[in-house]
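One file, target-v8.cif, carrying mmCIF, C-alpha atoms:
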```cif
data_structure
loop_
_atom_site.label_atom_id
_atom_site.label_comp_id
_atom_site.auth_asym_id
_atom_site.auth_seq_id
_atom_site.Cartn_x
_atom_site.Cartn_y
_atom_site.Cartn_z
CA MET A 6 -15.85 -30.69 54.53
CA LYS A 7 -15.42 -31.31 58.24
CA SER A 8 -15.26 -27.59 58.90
CA PHE A 9 -18.51 -27.14 56.94
CA GLN A 10 -20.31 -29.87 58.90
CA ASN A 11 -19.22 -28.37 62.22
CA SER A 12 -20.20 -24.83 61.38
CA SER A 13 -23.49 -25.82 59.74
CA THR A 14 -24.94 -27.24 62.94
CA LYS A 15 -24.70 -23.90 64.74
CA GLY A 16 -27.12 -21.71 62.76
CA THR A 17 -30.78 -21.79 61.87
CA PRO A 18 -31.85 -23.93 58.87
CA VAL A 19 -32.05 -20.81 56.71
CA GLU A 20 -28.51 -19.77 57.70
CA GLU A 21 -27.35 -23.32 57.16
CA LEU A 22 -28.88 -23.32 53.68
CA GLU A 23 -27.08 -20.09 52.82
CA LEU A 24 -23.79 -21.58 54.03
CA ILE A 25 -24.33 -24.71 51.93
CA ARG A 26 -25.08 -22.58 48.88
CA GLN A 27 -21.84 -20.61 49.34
CA SER A 28 -19.90 -23.85 49.80
CA LYS A 29 -21.48 -25.28 46.63
CA THR A 30 -20.47 -22.21 44.62
CA GLU A 31 -16.90 -22.61 45.91
CA CYS A 32 -16.94 -26.37 45.21
CA ASN A 33 -18.22 -25.81 41.65
CA ARG A 34 -15.45 -23.25 41.06
CA LEU A 35 -12.85 -25.78 42.20
CA ARG A 36 -14.38 -28.51 40.03
CA GLU A 37 -14.15 -26.25 36.99
CA ALA A 38 -10.38 -26.05 37.61
CA SER A 39 -9.97 -29.83 38.12
CA PRO A 40 -13.01 -31.59 36.56
CA LYS A 41 -11.91 -35.17 37.24
CA ASN A 42 -11.07 -34.71 40.91
CA GLN A 43 -12.97 -37.51 42.74
CA GLU A 44 -12.80 -35.83 46.14
CA LEU A 45 -14.43 -32.72 44.76
CA GLU A 46 -17.17 -34.85 43.15
CA LEU A 47 -17.79 -36.48 46.53
CA LEU A 48 -17.87 -33.11 48.24
CA SER A 49 -20.37 -31.86 45.65
CA ILE A 50 -22.64 -34.85 46.36
CA GLU A 51 -22.33 -34.38 50.14
CA LEU A 52 -23.29 -30.74 49.77
CA ASP A 53 -26.32 -31.69 47.63
CA ARG A 54 -27.42 -34.18 50.29
CA ALA A 55 -26.94 -31.64 53.09
CA GLU A 56 -28.94 -29.11 51.10
CA ARG A 57 -31.80 -31.59 50.58
CA ARG A 58 -31.84 -32.39 54.28
CA VAL A 59 -32.03 -28.71 55.26
CA ILE A 60 -34.73 -27.99 52.65
CA GLU A 61 -36.81 -30.89 54.04
CA LEU A 62 -36.34 -29.47 57.53
CA ILE A 63 -37.48 -26.00 56.45
CA GLY A 64 -40.45 -27.54 54.61
CA GLU A 65 -41.51 -29.52 57.69
CA GLU A 66 -41.27 -26.39 59.85
CA LEU A 67 -43.36 -24.42 57.36
CA ALA A 68 -46.01 -27.14 57.10
CA ASN A 69 -46.24 -27.43 60.90
CA LYS A 70 -46.54 -23.67 61.22
CA ALA A 71 -49.25 -23.56 58.56
CA ASN A 72 -51.26 -26.24 60.37
CA GLN A 73 -51.01 -24.63 63.82
CA ALA A 74 -54.14 -22.49 63.55
CA GLY A 75 -56.11 -25.19 61.74
CA VAL A 76 -57.28 -27.11 64.83
CA PRO A 77 -60.03 -24.67 66.01
CA LEU A 78 -61.38 -24.35 62.46
CA LYS A 79 -61.38 -28.14 62.10
CA GLU A 80 -63.47 -28.47 65.27
CA LEU A 81 -65.84 -25.77 64.07
CA THR A 82 -66.19 -27.45 60.65
CA ILE A 83 -66.98 -30.80 62.29
CA ARG A 84 -69.70 -29.17 64.41
CA LEU A 85 -71.05 -27.36 61.34
CA ARG A 86 -71.16 -30.60 59.32
CA GLU A 87 -72.99 -32.35 62.17
CA ARG A 88 -75.60 -29.58 62.25
CA VAL A 89 -76.09 -29.65 58.48
CA ASN A 90 -76.46 -33.45 58.57
CA SER A 91 -78.91 -33.44 61.46
CA MET A 92 -80.97 -30.73 59.74
CA SER A 93 -81.02 -32.77 56.53
CA LYS A 94 -82.10 -35.87 58.44
CA PHE A 95 -84.82 -33.90 60.22
CA ALA A 96 -86.12 -32.49 56.93
CA LYS A 97 -86.26 -36.00 55.44
CA LEU A 98 -87.95 -37.40 58.55
CA PHE A 99 -90.51 -34.60 58.52
CA GLU A 100 -91.29 -35.25 54.88
CA THR A 101 -91.56 -39.02 55.43
CA ILE A 102 -93.89 -38.64 58.44
CA LEU A 103 -96.19 -36.36 56.48
CA LYS A 104 -96.20 -38.74 53.55
CA TYR A 105 -97.56 -41.49 55.77
CA LEU A 106 -100.17 -39.30 57.49
CA MET B 28 -119.96 -28.51 57.88
CA GLU B 29 -119.57 -25.04 56.33
CA THR B 30 -118.63 -23.54 59.76
CA SER B 31 -115.91 -26.09 60.38
CA GLY B 32 -114.57 -25.37 56.86
CA ILE B 33 -114.34 -21.62 57.60
CA LYS B 34 -112.66 -22.32 60.96
CA LEU B 35 -110.15 -24.57 59.27
CA ARG B 36 -109.46 -21.88 56.70
CA HIS B 37 -108.78 -19.36 59.52
CA VAL B 38 -106.44 -21.77 61.24
CA ILE B 39 -104.48 -22.26 58.02
CA VAL B 40 -104.19 -18.50 57.38
CA ALA B 41 -103.15 -17.87 61.01
CA CYS B 42 -100.55 -20.60 60.70
CA LEU B 43 -99.16 -19.03 57.50
CA VAL B 44 -98.99 -15.51 58.97
CA SER B 45 -97.16 -16.74 62.08
CA THR B 46 -94.61 -18.72 60.05
CA THR B 47 -93.99 -15.71 57.79
CA ILE B 48 -93.21 -13.57 60.83
CA LEU B 49 -90.73 -16.28 61.78
CA GLY B 50 -89.50 -16.34 58.19
CA CYS B 51 -88.54 -12.65 58.30
CA ALA B 52 -85.39 -13.91 59.97
CA SER B 53 -84.46 -16.10 56.98
CA LEU B 54 -81.55 -15.60 54.57
CA SER B 55 -81.76 -12.76 52.07
CA LYS B 56 -80.68 -13.30 48.45
CA THR B 57 -77.66 -11.03 49.02
CA GLN B 58 -76.60 -13.13 52.01
CA ILE B 59 -76.90 -16.38 50.04
CA LYS B 60 -74.87 -14.81 47.21
CA SER B 61 -72.23 -13.59 49.71
CA VAL B 62 -71.71 -17.13 51.03
CA GLN B 63 -71.46 -18.54 47.49
CA THR B 64 -68.99 -15.84 46.37
CA PHE B 65 -66.94 -16.46 49.48
CA TYR B 66 -66.73 -20.18 48.68
CA LYS B 67 -65.54 -19.46 45.12
CA LEU B 68 -62.82 -17.16 46.51
CA THR B 69 -61.64 -19.86 48.93
CA ASP B 70 -61.61 -22.46 46.21
CA SER B 71 -59.25 -20.34 44.12
CA VAL B 72 -56.81 -19.89 47.03
CA THR B 73 -56.65 -23.46 48.29
CA SER B 74 -55.05 -25.07 45.24
CA SER B 75 -52.15 -22.58 45.00
CA PRO B 76 -49.81 -23.54 47.91
CA VAL B 77 -49.59 -27.18 46.82
CA LYS B 78 -48.86 -26.06 43.28
CA ILE B 79 -46.08 -23.75 44.52
CA TRP B 80 -44.55 -26.56 46.56
CA SER B 81 -44.84 -29.07 43.75
CA LEU B 82 -43.26 -26.66 41.21
CA LEU B 83 -40.31 -26.06 43.54
CA ASN B 84 -39.95 -29.77 44.27
CA ASP B 85 -39.88 -30.65 40.57
CA VAL B 86 -37.32 -27.96 39.73
CA ARG B 87 -35.17 -29.04 42.68
CA THR B 88 -35.20 -32.65 41.47
CA ASP B 89 -34.19 -31.56 37.95
CA ARG B 90 -31.42 -29.41 39.42
CA TYR B 91 -30.00 -32.38 41.36
CA ILE B 92 -30.23 -34.61 38.28
CA LEU B 93 -28.28 -31.92 36.41
CA SER B 94 -25.73 -31.96 39.23
CA VAL B 95 -25.24 -35.77 39.21
CA SER B 96 -24.99 -35.85 35.42
CA THR B 97 -21.60 -34.15 35.80
CA LEU B 98 -20.22 -37.06 37.88
CA SER B 99 -17.61 -39.35 36.38
CA ASN B 100 -18.24 -42.13 38.94
CA ASN B 101 -21.21 -44.23 37.76
CA LYS B 102 -21.82 -45.95 41.10
CA LEU B 103 -22.01 -42.61 42.82
CA LEU B 104 -24.42 -41.40 40.13
CA ILE B 105 -26.81 -44.35 40.60
CA ASP B 106 -26.78 -44.03 44.42
CA GLU B 107 -27.43 -40.35 44.14
CA ILE B 108 -30.41 -40.82 41.82
CA ASP B 109 -31.99 -43.07 44.49
CA SER B 110 -31.34 -40.44 47.15
CA ILE B 111 -32.93 -37.76 44.94
CA ARG B 112 -36.02 -39.94 44.48
CA VAL B 113 -36.38 -40.44 48.25
CA SER B 114 -36.08 -36.70 48.82
CA TRP B 115 -38.68 -35.98 46.12
CA LYS B 116 -41.14 -38.28 47.86
CA LYS B 117 -40.45 -36.69 51.26
CA ASN B 118 -41.06 -33.25 49.80
CA ASN B 119 -44.31 -34.44 48.25
CA ARG B 120 -45.47 -35.51 51.70
CA ILE B 121 -44.54 -32.08 53.05
CA GLY B 122 -46.65 -30.59 50.23
CA ASP B 123 -49.60 -32.73 51.33
CA LYS B 124 -49.10 -31.56 54.90
CA LEU B 125 -49.00 -27.95 53.77
CA GLU B 126 -52.25 -28.56 51.89
CA GLN B 127 -54.13 -29.70 55.01
CA SER B 128 -54.91 -26.23 56.35
CA PHE B 129 -56.08 -25.06 52.95
CA GLU B 130 -58.25 -28.15 52.54
CA LEU B 131 -59.73 -27.44 55.94
CA MET B 132 -60.49 -23.91 54.88
CA ASN B 133 -62.20 -25.31 51.81
CA ALA B 134 -64.21 -27.85 53.84
CA TYR B 135 -65.44 -25.12 56.19
CA CYS B 136 -66.52 -22.91 53.30
CA TYR B 137 -68.17 -25.81 51.48
CA SER B 138 -70.20 -26.65 54.60
CA LEU B 139 -71.31 -23.03 54.82
CA THR B 140 -72.41 -23.12 51.17
CA LEU B 141 -74.28 -26.34 51.81
CA LEU B 142 -76.11 -24.78 54.73
CA ALA B 143 -76.81 -21.57 52.80
CA SER B 144 -78.10 -23.44 49.76
CA PRO B 145 -81.77 -22.44 49.28
CA GLU B 146 -82.64 -25.57 47.21
CA LYS B 147 -81.73 -27.92 50.05
CA TRP B 148 -84.42 -26.72 52.43
CA GLU B 149 -87.04 -25.57 49.94
CA SER B 150 -87.32 -29.06 48.49
CA SER B 151 -88.76 -30.51 51.72
CA GLY B 152 -91.51 -27.89 51.68
CA ARG B 153 -92.20 -28.55 47.98
CA GLY B 154 -92.52 -32.28 48.63
CA ILE B 155 -95.09 -31.73 51.35
CA LYS B 156 -97.12 -29.33 49.21
CA SER B 157 -97.73 -32.00 46.58
CA LEU B 158 -99.29 -34.37 49.10
CA GLY B 159 -102.63 -32.50 49.16
CA LYS B 160 -104.17 -34.31 46.21
CA ASN B 161 -103.67 -37.70 47.87
CA ILE B 162 -105.32 -36.51 51.11
CA ASP B 163 -108.30 -35.08 49.19
CA SER B 164 -108.91 -38.32 47.33
CA LEU B 165 -108.67 -40.20 50.64
CA ILE B 166 -111.34 -37.91 52.21
CA ILE B 167 -113.63 -38.36 49.20
CA ARG B 168 -113.30 -42.12 49.55
CA TYR B 169 -113.99 -41.86 53.32
CA ASN B 170 -117.11 -39.76 52.77
CA SER B 171 -118.40 -42.16 50.08
CA LEU B 172 -118.43 -44.95 52.67
CA GLY B 173 -121.51 -43.33 54.29
CA PHE B 174 -120.29 -42.63 57.84
CA LYS B 175 -122.41 -40.44 60.14
CA TYR B 176 -119.90 -37.55 60.21
CA GLU B 177 -118.48 -36.50 56.90
CA LEU B 178 -115.05 -34.89 56.69
CA PRO B 179 -114.75 -31.47 55.01
CA SER B 180 -113.48 -32.19 51.50
CA GLY B 181 -111.21 -30.05 49.32
CA TYR B 182 -109.01 -28.93 52.22
CA GLY B 183 -106.28 -31.55 51.86
CA LYS B 184 -104.57 -29.46 49.24
CA SER B 185 -104.81 -26.34 51.45
CA ILE B 186 -103.52 -28.15 54.53
CA SER B 187 -100.55 -29.61 52.70
CA ARG B 188 -99.74 -26.24 51.11
CA ALA B 189 -99.83 -24.60 54.54
CA LEU B 190 -97.71 -27.37 56.02
CA GLY B 191 -95.26 -27.15 53.14
CA TYR B 192 -94.96 -23.40 53.47
CA SER B 193 -94.54 -23.69 57.25
CA ALA B 194 -91.89 -26.41 56.90
CA GLU B 195 -90.01 -24.32 54.35
CA THR B 196 -90.12 -21.27 56.61
CA TYR B 197 -89.08 -23.28 59.65
CA PHE B 198 -86.04 -24.70 57.84
CA LYS B 199 -85.09 -21.26 56.53
CA HIS B 200 -85.30 -19.92 60.07
CA ARG B 201 -83.03 -22.72 61.36
CA GLN B 202 -80.71 -22.16 58.40
CA ILE B 203 -80.08 -18.47 59.17
CA LYS B 204 -79.78 -19.18 62.89
CA LEU B 205 -77.07 -21.79 62.32
CA LEU B 206 -75.28 -19.74 59.66
CA ARG B 207 -75.19 -16.68 61.90
CA ARG B 208 -73.88 -18.72 64.80
CA PHE B 209 -71.16 -20.50 62.82
CA ILE B 210 -70.00 -17.56 60.74
CA VAL B 211 -69.75 -15.25 63.76
CA GLN B 212 -67.96 -17.96 65.76
CA GLY B 213 -65.70 -18.80 62.83
CA ASP B 214 -64.67 -15.22 62.06
CA THR B 215 -61.82 -15.02 64.58
CA VAL B 216 -60.69 -18.60 63.90
CA PHE B 217 -60.76 -18.08 60.15
CA ALA B 218 -58.90 -14.76 60.41
CA ARG B 219 -56.22 -16.42 62.54
CA LEU B 220 -55.80 -19.23 60.03
CA CYS B 221 -55.54 -16.74 57.13
CA ASP B 222 -52.92 -14.72 59.05
CA ASN B 223 -51.03 -17.88 59.87
CA LEU B 224 -50.97 -19.08 56.26
CA TYR B 225 -50.04 -15.60 55.06
CA GLU B 226 -47.13 -15.53 57.50
CA THR B 227 -46.02 -18.98 56.31
CA LEU B 228 -46.08 -18.05 52.64
CA SER B 229 -44.46 -14.65 53.15
CA SER B 230 -41.91 -15.92 55.69
CA ASP B 231 -38.16 -15.58 55.16
CA SER B 232 -37.89 -19.37 55.04
CA PHE B 233 -40.30 -19.64 52.10
CA ARG B 234 -38.58 -16.79 50.26
CA VAL B 235 -35.18 -18.39 50.89
CA LEU B 236 -36.42 -21.68 49.42
CA ILE B 237 -37.43 -19.88 46.23
CA SER B 238 -34.23 -17.83 46.02
CA THR B 239 -32.17 -20.99 46.66
CA GLU B 240 -33.80 -22.62 43.64
CA ARG B 241 -33.33 -19.51 41.53
CA LYS B 242 -29.61 -19.25 42.34
CA GLY B 243 -29.15 -23.03 42.41
CA VAL B 244 -30.50 -23.59 38.90
CA ARG B 245 -28.32 -20.82 37.46
CA ASP B 246 -25.17 -21.99 39.28
CA GLN B 247 -25.78 -25.63 38.39
CA PHE B 248 -26.43 -24.90 34.74
CA HIS B 249 -23.39 -22.64 34.59
CA ASN B 250 -21.25 -25.41 36.14
CA TYR B 251 -22.72 -28.02 33.78
CA ALA B 252 -22.05 -25.81 30.75
CA LEU B 253 -18.44 -25.14 31.81
CA LEU B 254 -17.73 -28.83 32.43
CA LYS B 255 -19.07 -29.59 28.96
CA GLN B 256 -17.01 -26.77 27.48
CA ASN B 257 -13.89 -28.24 29.08
CA LYS B 258 -14.62 -31.49 27.23
CA GLY B 259 -14.96 -29.51 24.01
CA GLU B 260 -18.77 -29.88 23.86
CA VAL B 261 -21.45 -27.23 23.58
CA ILE B 262 -24.87 -26.94 25.23
CA SER B 263 -27.63 -28.29 23.00
CA PHE B 264 -30.91 -26.59 22.11
CA LEU B 265 -32.86 -29.07 24.28
CA GLU B 266 -30.58 -28.47 27.28
CA THR B 267 -31.05 -24.71 26.90
CA LYS B 268 -34.79 -25.26 26.63
CA GLU B 269 -34.73 -27.31 29.85
CA PHE B 270 -32.89 -24.46 31.58
CA TYR B 271 -35.56 -22.07 30.33
CA ARG B 272 -38.34 -24.37 31.62
CA MET B 273 -36.76 -24.66 35.06
CA THR B 274 -36.28 -20.91 35.48
CA SER B 275 -39.86 -20.31 34.25
CA GLN B 276 -41.21 -22.77 36.83
CA ILE B 277 -39.43 -20.92 39.62
CA GLU B 278 -40.87 -17.61 38.44
CA GLU B 279 -44.33 -19.23 38.26
CA ALA B 280 -43.96 -20.46 41.84
CA GLU B 281 -42.95 -16.98 42.98
CA SER B 282 -45.84 -15.23 41.24
CA LEU B 283 -48.25 -17.86 42.64
CA ARG B 284 -46.87 -17.23 46.13
CA ILE B 285 -47.41 -13.47 45.79
CA SER B 286 -50.96 -13.86 44.44
CA CYS B 287 -51.80 -16.44 47.11
CA CYS B 288 -50.64 -14.03 49.86
CA ARG B 289 -52.78 -11.28 48.34
CA ARG B 290 -55.82 -13.58 48.08
CA LEU B 291 -55.40 -14.74 51.68
CA LYS B 292 -55.65 -11.11 52.78
CA SER B 293 -58.82 -10.59 50.74
CA LEU B 294 -60.22 -13.92 51.97
CA LYS B 295 -59.82 -12.78 55.55
CA SER B 296 -61.66 -9.50 54.90
CA ALA B 297 -64.29 -11.36 52.82
CA HIS B 298 -65.12 -13.58 55.80
CA ASN B 299 -65.30 -10.56 58.06
CA ARG B 300 -67.63 -8.83 55.59
CA LEU B 301 -69.75 -11.99 55.41
CA SER B 302 -69.94 -12.10 59.19
CA LYS B 303 -71.24 -8.52 59.26
CA GLU B 304 -73.66 -9.10 56.38
CA ILE B 305 -75.11 -12.26 57.87
CA GLN B 306 -75.98 -10.42 61.06
CA GLN B 307 -77.98 -7.81 59.17
CA ARG B 308 -81.72 -8.13 58.80
CA LYS B 309 -83.36 -8.36 55.39
CA LYS B 310 -83.57 -5.25 53.27
CA ALA B 311 -86.98 -3.63 52.74
CA ASP B 312 -87.39 -4.85 49.13
CA GLU B 313 -86.62 -8.43 50.10
CA LEU B 314 -89.07 -8.22 53.00
CA LEU B 315 -91.67 -6.96 50.54
CA ASN B 316 -91.02 -9.97 48.32
CA ASP B 317 -91.67 -12.23 51.31
CA ILE B 318 -94.90 -10.40 52.07
CA TYR B 319 -96.04 -10.68 48.41
CA ARG B 320 -95.25 -14.36 48.52
CA LEU B 321 -97.29 -14.74 51.70
CA SER B 322 -100.29 -12.89 50.25
CA ASP B 323 -99.99 -15.09 47.17
CA GLU B 324 -100.08 -18.20 49.35
CA ILE B 325 -103.00 -16.83 51.42
CA SER B 326 -105.01 -15.93 48.31
CA LYS B 327 -105.02 -19.62 47.40
CA PHE B 328 -106.97 -20.35 50.60
CA LEU B 329 -109.59 -17.60 50.29
#
```

Encoding of this model in structure tokens:
Amino acid sequence: MKSFQNSSTKGTPVEELELIRQSKTECNRLREASPKNQELELLSIELDRAERRVIELIGEELANKANQAGVPLKELTIRLRERVNSMSKFAKLFETILKYL
Amino acid sequence: METSGIKLRHVIVACLVSTTILGCASLSKTQIKSVQTFYKLTDSVTSSPVKIWSLLNDVRTDRYILSVSTLSNNKLLIDEIDSIRVSWKKNNRIGDKLEQSFELMNAYCYSLTLLASPEKWESSGRGIKSLGKNIDSLIIRYNSLGFKYELPSGYGKSISRALGYSAETYFKHRQIKLLRRFIVQGDTVFARLCDNLYETLSSDSFRVLISTERKGVRDQFHNYALLKQNKGEVISFLETKEFYRMTSQIEEAESLRISCCRRLKSLKSAHNRLSKEIQQRKKADELLNDIYRLSDEISKFL
């Protein structure tokens, strides 16, 4: 397990995930041979946790990347909303003024 | 009195003609339809990424539950279930974060639809048009009071109709001006966002996440089945059905990812098409409709 932890920190999250998957396959194979081995159960759990951590990391990276180009569109949408609102207000004001004429 | 009535009539007609010339720059029916179609297309794309993420998150949770169910240590099992729950929540938050850009895309398109909506601006003109009757009755009451100068009666309706038509045309003119400005400005920004989201969904990382689930579910189920076999037990119908459900969910996520990538590409070109269309002037038949409408309005004054 120590060797896995050391090597996993070197690669990218995707490479790390692949390494974890390979280790899990190996761990499962060993557990099939000795099903009640507590150390192997612990290793299996550690690998699951490491996998979850890496998946969360990849997810965060993807979400950040997806949101990168959103800022200019957000600003444009805010400006657009302001214009639509001011036009609506103006239309209402115009109608109200004429009603009282 | 008759002369001032004729003059007033001329002023109204002149006012209508000038506003119609201004109104030639208003939105055509095709342009309004283009904006509405574009919004529908965006709406269909925006819900997909969250669904993909949520499908993967649910399958992943089930896979981990399958993994811990093979443990012989109960304490370890309970701790692990808590850890799985925490991770599920974290991934849900990531899903919400991933949704932000798509929601933004939706908000932008919705605002465009709101601005392009013909009902929104026509209603103010319609409201003004109906005021004429009130003005006329006010003039009749004024004249009945016996003042030296009588006001020309019967023109309240005409004035309000002209004002209503002018207001409607003015708002339509503002509407197209704003739409043109925002759509042309937004074209590059929108294209960049579409490219960015396409790259995210078609990235190696996203593909790896799906393939990890695909392999993970198979490996985990295989391991679970073997451990049961070693105890002399067999996999039940419900367990097999669960395996089927999990693999189906992964395939659903993958097909959603592919269709979402395809739709993002078409969304990008749809916005570009919209940008070109919105810059075009009205077609001859639509201009003719405007002219017929104007002559119809004018005929009510003559």

Determine the residue membership of the PyMOL selection byres ((chain B) within 6 of (chain A)) for the file above and supply it as a short mmCIF file (atom, residue, chain, number, x, y, z; two decimals) with C-alpha atoms, in the coordinates of the input.
```cif
data_model
loop_
_atom_site.label_atom_id
_atom_site.label_comp_id
_atom_site.auth_asym_id
_atom_site.auth_seq_id
_atom_site.Cartn_x
_atom_site.Cartn_y
_atom_site.Cartn_z
CA LYS B 124 -49.10 -31.56 54.90
CA LEU B 125 -49.00 -27.95 53.77
CA SER B 128 -54.91 -26.23 56.35
CA TYR B 135 -65.44 -25.12 56.19
CA VAL B 216 -60.69 -18.60 63.90
CA LEU B 220 -55.80 -19.23 60.03
CA LEU B 224 -50.97 -19.08 56.26
#
```

Legend entry - Selection dump of the PyMOL selection byres ((chain B and resi 241-257) around 7), as JSON, numbers by chain: {"A": [33, 37, 40], "B": [90, 94, 97, 237, 238, 239, 240, 258, 259, 260, 261, 262, 274, 277]}

Inset, instruction - Kindly give the distance, in Å, that separates CA of Val113 (chain B) and CA of Tyr271 (chain B), rounded to a single decimal. - result: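 Rounded to one decimal, the two atoms are 25.7 Å apart.
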
Inset, instruction - Could you tell me how far CA of Cys32 (chain A) lies from CA of Arg112 (chain B), in Å and to one decimal? - result: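 Between CA of Cys32 (chain A) and CA of Arg112 (chain B) the gap works out to 23.4 Å.
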
Inset, instruction - Apply the PyMOL selection byres ((chain B and resi 228) around 12) to the displayed file and report the matching residues as a ChimeraX atom specification. - result: /A:64,67-68,70-71 /B:75-77,79-80,125,221-227,229-237,280-292

Legend entry - Separation of CA of Ala55 (chain A) from CA of Leu93 (chain B) in Å: 16.7 Å

Inset, instruction - Neighbourhood query: residues within 12 Å of (-70.7, -17.5, 63.2), file coordinates, counting all atoms listed in the file; return as a PyMOL selection string. - result: (chain A and resi 78+81-82+84-85) or (chain B and resi 135+139+203-217+298-306)

Working from the structure I just supplied, which lacks atoms in region 89-102 of chain A, can you model N, CA and C atoms there and output them as a PDB file, in the frame of the given file?
```
ATOM      1  N   VAL A  89     -75.515 -29.559  59.824  1.00  0.00           N
ATOM      2  CA  VAL A  89     -76.090 -29.650  58.480  1.00  0.00           C
ATOM      3  C   VAL A  89     -76.696 -31.046  58.282  1.00  0.00           C
ATOM      4  N   ASN A  90     -75.969 -32.074  58.721  1.00  0.00           N
ATOM      5  CA  ASN A  90     -76.460 -33.450  58.570  1.00  0.00           C
ATOM      6  C   ASN A  90     -77.724 -33.688  59.371  1.00  0.00           C
ATOM      7  N   SER A  91     -77.731 -33.203  60.632  1.00  0.00           N
ATOM      8  CA  SER A  91     -78.910 -33.440  61.460  1.00  0.00           C
ATOM      9  C   SER A  91     -80.114 -32.681  60.895  1.00  0.00           C
ATOM     10  N   MET A  92     -79.871 -31.501  60.335  1.00  0.00           N
ATOM     11  CA  MET A  92     -80.970 -30.730  59.740  1.00  0.00           C
ATOM     12  C   MET A  92     -81.521 -31.446  58.508  1.00  0.00           C
ATOM     13  N   SER A  93     -80.600 -32.012  57.723  1.00  0.00           N
ATOM     14  CA  SER A  93     -81.020 -32.770  56.530  1.00  0.00           C
ATOM     15  C   SER A  93     -81.860 -33.970  56.937  1.00  0.00           C
ATOM     16  N   LYS A  94     -81.386 -34.682  57.968  1.00  0.00           N
ATOM     17  CA  LYS A  94     -82.100 -35.870  58.440  1.00  0.00           C
ATOM     18  C   LYS A  94     -83.489 -35.475  58.933  1.00  0.00           C
ATOM     19  N   PHE A  95     -83.556 -34.368  59.666  1.00  0.00           N
ATOM     20  CA  PHE A  95     -84.820 -33.900  60.220  1.00  0.00           C
ATOM     21  C   PHE A  95     -85.790 -33.543  59.092  1.00  0.00           C
ATOM     22  N   ALA A  96     -85.273 -32.875  58.068  1.00  0.00           N
ATOM     23  CA  ALA A  96     -86.120 -32.490  56.930  1.00  0.00           C
ATOM     24  C   ALA A  96     -86.676 -33.741  56.251  1.00  0.00           C
ATOM     25  N   LYS A  97     -85.831 -34.756  56.095  1.00  0.00           N
ATOM     26  CA  LYS A  97     -86.260 -36.000  55.440  1.00  0.00           C
ATOM     27  C   LYS A  97     -87.308 -36.717  56.301  1.00  0.00           C
ATOM     28  N   LEU A  98     -87.044 -36.743  57.612  1.00  0.00           N
ATOM     29  CA  LEU A  98     -87.950 -37.400  58.550  1.00  0.00           C
ATOM     30  C   LEU A  98     -89.328 -36.730  58.531  1.00  0.00           C
ATOM     31  N   PHE A  99     -89.292 -35.400  58.536  1.00  0.00           N
ATOM     32  CA  PHE A  99     -90.510 -34.600  58.520  1.00  0.00           C
ATOM     33  C   PHE A  99     -91.347 -34.917  57.269  1.00  0.00           C
ATOM     34  N   GLU A 100     -90.638 -34.971  56.155  1.00  0.00           N
ATOM     35  CA  GLU A 100     -91.290 -35.250  54.880  1.00  0.00           C
ATOM     36  C   GLU A 100     -91.882 -36.671  54.878  1.00  0.00           C
ATOM     37  N   THR A 101     -91.108 -37.627  55.412  1.00  0.00           N
ATOM     38  CA  THR A 101     -91.560 -39.020  55.430  1.00  0.00           C
ATOM     39  C   THR A 101     -92.793 -39.181  56.325  1.00  0.00           C
ATOM     40  N   ILE A 102     -92.749 -38.547  57.518  1.00  0.00           N
ATOM     41  CA  ILE A 102     -93.890 -38.640  58.440  1.00  0.00           C
ATOM     42  C   ILE A 102     -95.144 -38.114  57.771  1.00  0.00           C
TER      43      ILE A 102
END
```
